[in-house]
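Enquirer: Handing over model-v7.pdb, PDB, C-alpha atoms.
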ATOM      1  CA  MET A   1     107.560  41.654 110.235
ATOM      2  CA  PHE A   2     106.015  45.028 110.942
ATOM      3  CA  LYS A   3     102.329  45.749 110.294
ATOM      4  CA  GLY A   4     100.243  48.538 111.772
ATOM      5  CA  ASN A   5     100.648  52.071 113.054
ATOM      6  CA  ASN A   6     102.040  53.801 116.131
ATOM      7  CA  ASN A   7     104.344  50.911 117.035
ATOM      8  CA  VAL A   8     107.682  51.548 118.756
ATOM      9  CA  VAL A   9     110.868  49.541 119.294
ATOM     10  CA  PHE A  10     113.350  51.027 121.785
ATOM     11  CA  ILE A  11     116.764  49.419 122.206
ATOM     12  CA  GLY A  12     118.921  50.811 125.013
ATOM     13  CA  ARG A  13     122.615  51.595 125.097
ATOM     14  CA  GLY A  14     125.199  48.835 124.861
ATOM     15  CA  CYS A  15     122.829  46.114 123.679
ATOM     16  CA  ARG A  16     124.122  43.271 121.545
ATOM     17  CA  MET A  17     121.432  41.427 119.643
ATOM     18  CA  SER A  18     122.481  38.586 117.369
ATOM     19  CA  LYS A  19     119.968  37.739 114.643
ATOM     20  CA  ALA A  20     117.021  38.909 116.753
ATOM     21  CA  THR A  21     113.634  39.131 115.055
ATOM     22  CA  PHE A  22     110.949  41.677 115.888
ATOM     23  CA  TRP A  23     107.417  40.711 114.893
ATOM     24  CA  ILE A  24     104.841  43.455 115.368
ATOM     25  CA  SER A  25     101.260  43.312 114.121
ATOM     26  CA  GLY A  26      98.421  45.713 114.849
ATOM     27  CA  ASP A  27      98.474  49.222 116.244
ATOM     28  CA  GLY A  28      99.992  50.639 119.417
ATOM     29  CA  ASN A  29     102.494  47.885 120.209
ATOM     30  CA  SER A  30     105.857  48.476 121.860
ATOM     31  CA  ILE A  31     109.066  46.620 122.573
ATOM     32  CA  THR A  32     111.463  48.204 125.072
ATOM     33  CA  ILE A  33     114.864  46.648 125.727
ATOM     34  CA  GLY A  34     117.000  48.086 128.534
ATOM     35  CA  ASP A  35     120.692  48.964 128.437
ATOM     36  CA  LYS A  36     123.386  46.282 128.076
ATOM     37  CA  THR A  37     120.967  43.463 127.270
ATOM     38  CA  THR A  38     122.327  40.719 125.008
ATOM     39  CA  THR A  39     120.780  37.931 122.954
ATOM     40  CA  GLY A  40     122.152  34.827 121.328
ATOM     41  CA  ASN A  41     121.059  33.828 117.843
ATOM     42  CA  ASN A  42     117.450  33.469 116.775
ATOM     43  CA  CYS A  43     115.538  35.209 119.543
ATOM     44  CA  GLN A  44     112.073  36.406 118.508
ATOM     45  CA  PHE A  45     110.133  39.232 120.168
ATOM     46  CA  ALA A  46     106.483  39.363 119.033
ATOM     47  CA  THR A  47     103.860  41.925 120.062
ATOM     48  CA  LEU A  48     100.329  41.962 118.712
ATOM     49  CA  GLU A  49      97.041  43.715 119.366
ATOM     50  CA  GLY A  50      98.317  46.780 121.236
ATOM     51  CA  THR A  51     100.543  44.968 123.741
ATOM     52  CA  SER A  52     104.064  45.529 125.001
ATOM     53  CA  ILE A  53     107.230  43.668 125.845
ATOM     54  CA  THR A  54     109.368  45.433 128.452
ATOM     55  CA  ILE A  55     112.831  44.042 129.158
ATOM     56  CA  GLY A  56     115.059  45.538 131.838
ATOM     57  CA  SER A  57     118.784  46.313 131.784
ATOM     58  CA  ASP A  58     121.675  43.845 131.906
ATOM     59  CA  CYS A  59     119.586  40.887 130.781
ATOM     60  CA  MET A  60     121.059  37.914 128.975
ATOM     61  CA  PHE A  61     119.069  35.790 126.535
ATOM     62  CA  SER A  62     120.605  32.558 125.281
ATOM     63  CA  HIS A  63     119.611  31.389 121.783
ATOM     64  CA  ASP A  64     116.331  30.262 120.199
ATOM     65  CA  ILE A  65     114.080  32.082 122.677
ATOM     66  CA  TYR A  66     110.552  33.232 121.892
ATOM     67  CA  VAL A  67     108.911  36.128 123.744
ATOM     68  CA  ARG A  68     105.281  36.436 122.573
ATOM     69  CA  THR A  69     102.373  38.555 123.835
ATOM     70  CA  SER A  70      99.813  36.647 121.771
ATOM     71  CA  ASP A  71      98.826  33.206 120.535
ATOM     72  CA  SER A  72      98.636  34.746 117.011
ATOM     73  CA  HIS A  73      95.090  33.469 116.556
ATOM     74  CA  SER A  74      91.767  33.700 118.337
ATOM     75  CA  ILE A  75      90.192  30.914 120.350
ATOM     76  CA  VAL A  76      86.522  31.348 121.177
ATOM     77  CA  ASP A  77      84.154  29.568 123.538
ATOM     78  CA  LYS A  78      80.761  28.109 122.572
ATOM     79  CA  THR A  79      79.165  31.565 122.727
ATOM     80  CA  GLY A  80      81.739  33.078 120.363
ATOM     81  CA  LYS A  81      83.527  35.019 123.106
ATOM     82  CA  ARG A  82      87.291  35.181 122.706
ATOM     83  CA  ILE A  83      89.122  33.452 125.549
ATOM     84  CA  ASN A  84      92.785  34.024 124.651
ATOM     85  CA  LYS A  85      93.396  37.774 124.644
ATOM     86  CA  SER A  86      96.910  39.132 124.173
ATOM     87  CA  LYS A  87      98.733  40.338 127.312
ATOM     88  CA  ASN A  88     101.857  42.367 128.107
ATOM     89  CA  ILE A  89     105.169  40.790 129.147
ATOM     90  CA  ILE A  90     107.588  42.283 131.689
ATOM     91  CA  ILE A  91     111.126  41.024 132.268
ATOM     92  CA  GLY A  92     113.057  42.752 135.065
ATOM     93  CA  ASP A  93     116.721  43.786 135.340
ATOM     94  CA  HIS A  94     119.532  41.215 135.516
ATOM     95  CA  VAL A  95     117.462  38.323 134.164
ATOM     96  CA  TRP A  96     119.131  35.354 132.476
ATOM     97  CA  ILE A  97     116.934  33.316 130.135
ATOM     98  CA  GLY A  98     118.204  29.875 129.128
ATOM     99  CA  LEU A  99     118.215  28.417 125.637
ATOM    100  CA  GLN A 100     115.019  27.482 123.839
ATOM    101  CA  SER A 101     112.761  29.028 126.483
ATOM    102  CA  LEU A 102     109.295  30.421 125.793
ATOM    103  CA  ILE A 103     108.095  33.577 127.545
ATOM    104  CA  LEU A 104     104.382  33.817 126.821
ATOM    105  CA  LYS A 105     101.605  36.406 127.193
ATOM    106  CA  GLY A 106     100.994  37.751 130.678
ATOM    107  CA  SER A 107     104.385  36.655 131.993
ATOM    108  CA  ALA A 108     106.395  38.738 134.441
ATOM    109  CA  ILE A 109     109.900  37.716 135.486
ATOM    110  CA  PRO A 110     111.291  39.683 138.438
ATOM    111  CA  ASN A 111     114.742  41.277 138.817
ATOM    112  CA  ASN A 112     117.833  39.102 139.390
ATOM    113  CA  SER A 113     116.124  35.911 138.224
ATOM    114  CA  VAL A 114     117.035  32.959 136.014
ATOM    115  CA  VAL A 115     114.825  30.994 133.628
ATOM    116  CA  ALA A 116     116.242  27.499 133.069
ATOM    117  CA  ALA A 117     116.777  26.118 129.569
ATOM    118  CA  ARG A 118     113.663  24.971 127.685
ATOM    119  CA  SER A 119     111.292  26.436 130.263
ATOM    120  CA  THR A 120     107.885  27.865 129.395
ATOM    121  CA  VAL A 121     106.886  30.908 131.454
ATOM    122  CA  THR A 122     103.114  31.434 131.339
ATOM    123  CA  ARG A 123     102.353  33.631 134.353
ATOM    124  CA  SER A 124     103.572  36.450 136.539
ATOM    125  CA  PHE A 125     106.112  35.950 139.333
ATOM    126  CA  GLU A 126     106.732  38.639 141.951
ATOM    127  CA  ASP A 127     109.622  37.715 144.263
ATOM    128  CA  PRO A 128     113.024  38.848 142.924
ATOM    129  CA  GLY A 129     116.011  36.519 142.835
ATOM    130  CA  ILE A 130     114.325  33.271 141.802
ATOM    131  CA  ILE A 131     115.079  30.373 139.476
ATOM    132  CA  LEU A 132     112.187  29.324 137.240
ATOM    133  CA  SER A 133     112.156  25.953 135.522
ATOM    134  CA  GLY A 134     109.794  23.599 133.718
ATOM    135  CA  ALA A 135     106.779  23.692 131.447
ATOM    136  CA  PRO A 136     104.907  25.479 132.780
ATOM    137  CA  ALA A 137     107.658  27.201 134.735
ATOM    138  CA  ARG A 138     107.489  27.184 138.499
ATOM    139  CA  LYS A 139     109.721  28.624 141.190
ATOM    140  CA  MET A 140     112.517  26.153 141.928
ATOM    141  CA  LYS A 141     114.735  28.285 144.160
ATOM    142  CA  GLU A 142     114.605  31.725 145.750
ATOM    143  CA  GLY A 143     117.055  34.150 147.283
ATOM    144  CA  ILE A 144     119.595  34.087 144.450
ATOM    145  CA  ASN A 145     121.668  37.092 143.396
ATOM    146  CA  ASN A 146     121.939  37.064 139.624
ATOM    147  CA  GLN A 147     124.017  40.199 139.058
ATOM    148  CA  LEU A 148     125.060  39.600 135.461
ATOM    149  CA  ASN A 149     128.249  41.117 134.136
ATOM    150  CA  VAL A 150     127.618  41.442 130.446
ATOM    151  CA  GLY A 151     130.604  43.767 129.913
ATOM    152  CA  ASN A 152     132.433  42.982 126.691
ATOM    153  CA  ASN A 153     134.817  44.966 124.522
ATOM    154  CA  ASN A 154     132.682  44.064 121.490
ATOM    155  CA  ILE A 155     129.463  45.597 122.836
ATOM    156  CA  TYR A 156     128.559  48.719 120.920
ATOM    157  CA  MET A 157     126.922  51.720 122.505
ATOM    158  CA  ALA A 158     123.715  52.613 120.717
ATOM    159  CA  GLN A 159     120.355  54.019 121.574
ATOM    160  CA  LYS A 160     117.704  54.193 118.891
ATOM    161  CA  VAL A 161     113.989  54.792 119.080
ATOM    162  CA  TYR A 162     112.021  53.767 116.012
ATOM    163  CA  SER A 163     108.553  54.839 115.002
ATOM    164  CA  LEU A 164     107.163  51.944 113.031
ATOM    165  CA  LYS A 165     104.361  54.031 111.577
ATOM    166  CA  ASN A 166     106.753  55.416 108.979
ATOM    167  CA  ASP A 167     109.859  53.358 109.853
ATOM    168  CA  ASN A 168     111.610  56.573 110.854
ATOM    169  CA  VAL A 169     114.323  56.806 113.477
ATOM    170  CA  ILE A 170     112.985  59.225 116.106
ATOM    171  CA  ASN A 171     116.129  59.383 118.226
ATOM    172  CA  ASP A 172     119.565  58.117 117.256
ATOM    173  CA  MET A 173     122.337  58.495 119.825
ATOM    174  CA  CYS A 174     124.957  56.042 118.547
ATOM    175  CA  THR A 175     128.318  56.375 120.236
ATOM    176  CA  GLU A 176     130.303  53.818 118.281
ATOM    177  CA  GLU A 177     132.570  54.590 115.357
ATOM    178  CA  LYS A 178     130.553  52.549 112.842
ATOM    179  CA  PRO A 179     126.889  52.478 113.897
ATOM    180  CA  LYS A 180     124.995  49.264 113.266
ATOM    181  CA  ASN A 181     121.535  49.629 111.801
ATOM    182  CA  ILE A 182     118.624  47.439 112.739
ATOM    183  CA  ILE A 183     116.747  46.418 109.617
ATOM    184  CA  LEU A 184     112.996  46.814 109.897
ATOM    185  CA  ASP A 185     111.422  44.384 107.419
ATOM    186  CA  LYS A 186     107.840  45.012 106.369
TER     187      LYS A 186
END
When written as structure tokens, how does the structure in this file appear?
Expert:
Amino acid sequence: MFKGNNNVVFIGRGCRMSKATFWISGDGNSITIGDKTTTGNNCQFATLEGTSITIGSDCMFSHDIYVRTSDSHSIVDKTGKRINKSKNIIIGDHVWIGLQSLILKGSAIPNNSVVAARSTVTRSFEDPGIILSGAPARKMKEGINNQLNVGNNNIYMAQKVYSLKNDNVINDMCTEEKPKNIILDK
């Protein structure tokens, strides 16, 4: 779903995304996915209210993962002040996210880290090379070296930058024989 203006999705070279969904609502949102990042089936990336999702290179997402910068609705206190504002998400390089995990607004996952299956990340972590687990996720181990090797003969080399204002491709540098198009549903 794409609603709004001046929204951008950037997918780096060599990414393989299987049945990924991009949900963008509002103006000035962005999703940036670094080179050689892969997803399993049914991963959803949702940005709302002028926020961003930034994912580093060589990341590996299992299946049924939700990455969301917003709760998709407002919650207000007794005075009418909103208490659940949308926040950016940052995922570093070489991050492995286990199946059915939730990465929620304001989360930051550092380089060379692992998020265990069915974990819910709700805050920012700073130290690289950690294992996060639980709901809410907490640091279970540190000092790991998660240098993923996502190399695969089936990975295609593509780099596309989309402007979602007019659904135009700004930059298309496909290097495969039969480029795959990402369908932008409105």
Enquirer: List the spatial neighbours of stretch 32-44 of chain A as a PyMOL selection string - criterion: any atom at most 10 Å away, all atoms listed in the file, same-chain residues fewer than 5 positions off excluded.
Expert: chain A and resi 8-23+52-68+90-97+99-102+148-152+155-159+161
Enquirer: Please return, as a PyMOL selection string, all polymer residues that have at least one atom within 10 Å of the point (120.9, 39.2, 141.3); use all atoms listed in the file and the file's own coordinate frame.
Expert: chain A and resi 93-96+111-114+128-130+143-148
Enquirer: Would you kindly translate the PyMOL selection byres ((chain A and resi 89) around 6) into the concrete residues it picks from this file, as a list in words?
Expert: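 The output of the PyMOL selection byres ((chain A and resi 89) around 6) on this file is Ile53, Asn88, Ile90, Lys105, Gly106, Ser107 and Ala108 of chain A.
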Enquirer: Could you list, as a PyMOL selection string, every residue matched by the PyMOL selection byres ((chain A and resi 25-29) around 8) in this structure?
Expert: chain A and resi 1-8+23-24+30-31+47-52
Enquirer: Please compute the atom CA of A:Lys85-atom CA of A:Pro136 distance, one decimal, in Å.
Expert: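 Here the two named atoms are 18.7 Å from each other.
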Enquirer: Taking into account all atoms listed in the file, which residue in the set A:Leu104, A:Lys81, A:His73, A:Asp127 is nearest to A:Lys141?
Expert: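 For A:Lys141, the nearest of the candidates is A:Asp127.
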Enquirer: Can you measure atom CA of A:Met140 to atom CA of A:Phe125 for me? One decimal in Å is fine.
Expert: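 If I compute the distance from atom CA of A:Met140 to atom CA of A:Phe125, I get 12.0 Å.
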Enquirer: Between atom CA of A:Gly134 and atom CA of A:Thr69, what is the distance, to one decimal in Å?
Expert: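 Atom CA of A:Thr69 lies at a distance of 19.4 Å from atom CA of A:Gly134.
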Enquirer: As AutoDock Vina command-line options, please: the centre and edge lengths in Å, to one decimal, of an axis-aligned box enclosing every listed atom of stretch 112-126 of chain A with 3 Å added on each side.
Expert:
--center_x 110.1 --center_y 32.0 --center_z 134.8 --size_x 21.5 --size_y 20.1 --size_z 20.3
Enquirer: Using only C-alpha atoms, find the one residue out of A:Ile83, A:Val121, A:Leu132, A:Val76 that sits nearest to A:Ile103.
Expert: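 Ranked by minimum distance to A:Ile103, first place goes to A:Val121.
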Enquirer: Would you mind putting N, CA, C and O atoms back on stretch 98-122 of chain A and writing the result as a compact mmCIF listing (two decimals), keeping the file's coordinate frame?
Expert:
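And here's selection.txt as it stands now:
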# COMPACT_ATOMS: atom_id res chain seq x y z
N GLY A 98 117.50 31.00 129.73
CA GLY A 98 118.20 29.88 129.13
C GLY A 98 117.69 29.52 127.74
O GLY A 98 116.58 29.90 127.34
N LEU A 99 118.49 28.76 127.03
CA LEU A 99 118.22 28.42 125.64
C LEU A 99 116.86 27.75 125.44
O LEU A 99 116.36 27.05 126.29
N GLN A 100 116.28 28.05 124.32
CA GLN A 100 115.02 27.48 123.84
C GLN A 100 113.85 27.67 124.80
O GLN A 100 112.92 26.87 124.82
N SER A 101 113.87 28.74 125.57
CA SER A 101 112.76 29.03 126.48
C SER A 101 111.66 29.79 125.76
O SER A 101 111.91 30.48 124.76
N LEU A 102 110.45 29.67 126.29
CA LEU A 102 109.30 30.42 125.79
C LEU A 102 108.81 31.33 126.91
O LEU A 102 108.59 30.87 128.04
N ILE A 103 108.65 32.61 126.60
CA ILE A 103 108.10 33.58 127.54
C ILE A 103 106.79 34.04 126.90
O ILE A 103 106.80 34.74 125.89
N LEU A 104 105.67 33.62 127.47
CA LEU A 104 104.38 33.82 126.82
C LEU A 104 103.56 34.91 127.48
O LEU A 104 103.88 35.40 128.56
N LYS A 105 102.47 35.29 126.80
CA LYS A 105 101.60 36.41 127.19
C LYS A 105 101.29 36.39 128.68
O LYS A 105 101.08 35.36 129.29
N GLY A 106 101.32 37.59 129.27
CA GLY A 106 100.99 37.75 130.68
C GLY A 106 102.11 37.41 131.64
O GLY A 106 101.94 37.50 132.84
N SER A 107 103.27 37.04 131.12
CA SER A 107 104.38 36.66 131.99
C SER A 107 105.07 37.88 132.58
O SER A 107 105.17 38.92 131.94
N ALA A 108 105.55 37.73 133.80
CA ALA A 108 106.40 38.74 134.44
C ALA A 108 107.50 37.98 135.18
O ALA A 108 107.22 37.10 135.98
N ILE A 109 108.74 38.34 134.86
CA ILE A 109 109.90 37.72 135.49
C ILE A 109 110.61 38.80 136.28
O ILE A 109 111.03 39.80 135.72
N PRO A 110 110.74 38.62 137.59
CA PRO A 110 111.29 39.68 138.44
C PRO A 110 112.81 39.85 138.31
O PRO A 110 113.50 38.98 137.77
N ASN A 111 113.31 40.96 138.83
CA ASN A 111 114.74 41.28 138.82
C ASN A 111 115.58 40.13 139.37
O ASN A 111 115.13 39.39 140.25
N ASN A 112 116.82 40.02 138.87
CA ASN A 112 117.83 39.10 139.39
C ASN A 112 117.41 37.65 139.34
O ASN A 112 117.77 36.85 140.20
N SER A 113 116.64 37.27 138.32
CA SER A 113 116.12 35.91 138.22
C SER A 113 116.73 35.16 137.05
O SER A 113 117.33 35.75 136.15
N VAL A 114 116.54 33.85 137.06
CA VAL A 114 117.04 32.96 136.01
C VAL A 114 115.88 32.09 135.54
O VAL A 114 115.11 31.56 136.36
N VAL A 115 115.78 31.94 134.22
CA VAL A 115 114.82 30.99 133.63
C VAL A 115 115.66 29.87 133.04
O VAL A 115 116.50 30.10 132.16
N ALA A 116 115.46 28.65 133.51
CA ALA A 116 116.24 27.50 133.07
C ALA A 116 115.96 27.18 131.60
O ALA A 116 114.90 27.51 131.06
N ALA A 117 116.90 26.51 130.97
CA ALA A 117 116.78 26.12 129.57
C ALA A 117 115.48 25.35 129.31
O ALA A 117 115.03 24.57 130.15
N ARG A 118 114.88 25.63 128.17
CA ARG A 118 113.66 24.97 127.68
C ARG A 118 112.46 25.12 128.60
O ARG A 118 111.55 24.30 128.59
N SER A 119 112.44 26.17 129.39
CA SER A 119 111.29 26.44 130.26
C SER A 119 110.23 27.21 129.50
O SER A 119 110.52 27.89 128.51
N THR A 120 109.00 27.13 129.97
CA THR A 120 107.88 27.86 129.40
C THR A 120 107.24 28.69 130.49
O THR A 120 106.57 28.15 131.38
N VAL A 121 107.45 30.01 130.45
CA VAL A 121 106.89 30.91 131.45
C VAL A 121 105.53 31.38 130.95
O VAL A 121 105.43 31.94 129.85
N THR A 122 104.49 31.13 131.76
CA THR A 122 103.11 31.43 131.34
C THR A 122 102.37 32.34 132.31
O THR A 122 101.19 32.59 132.12
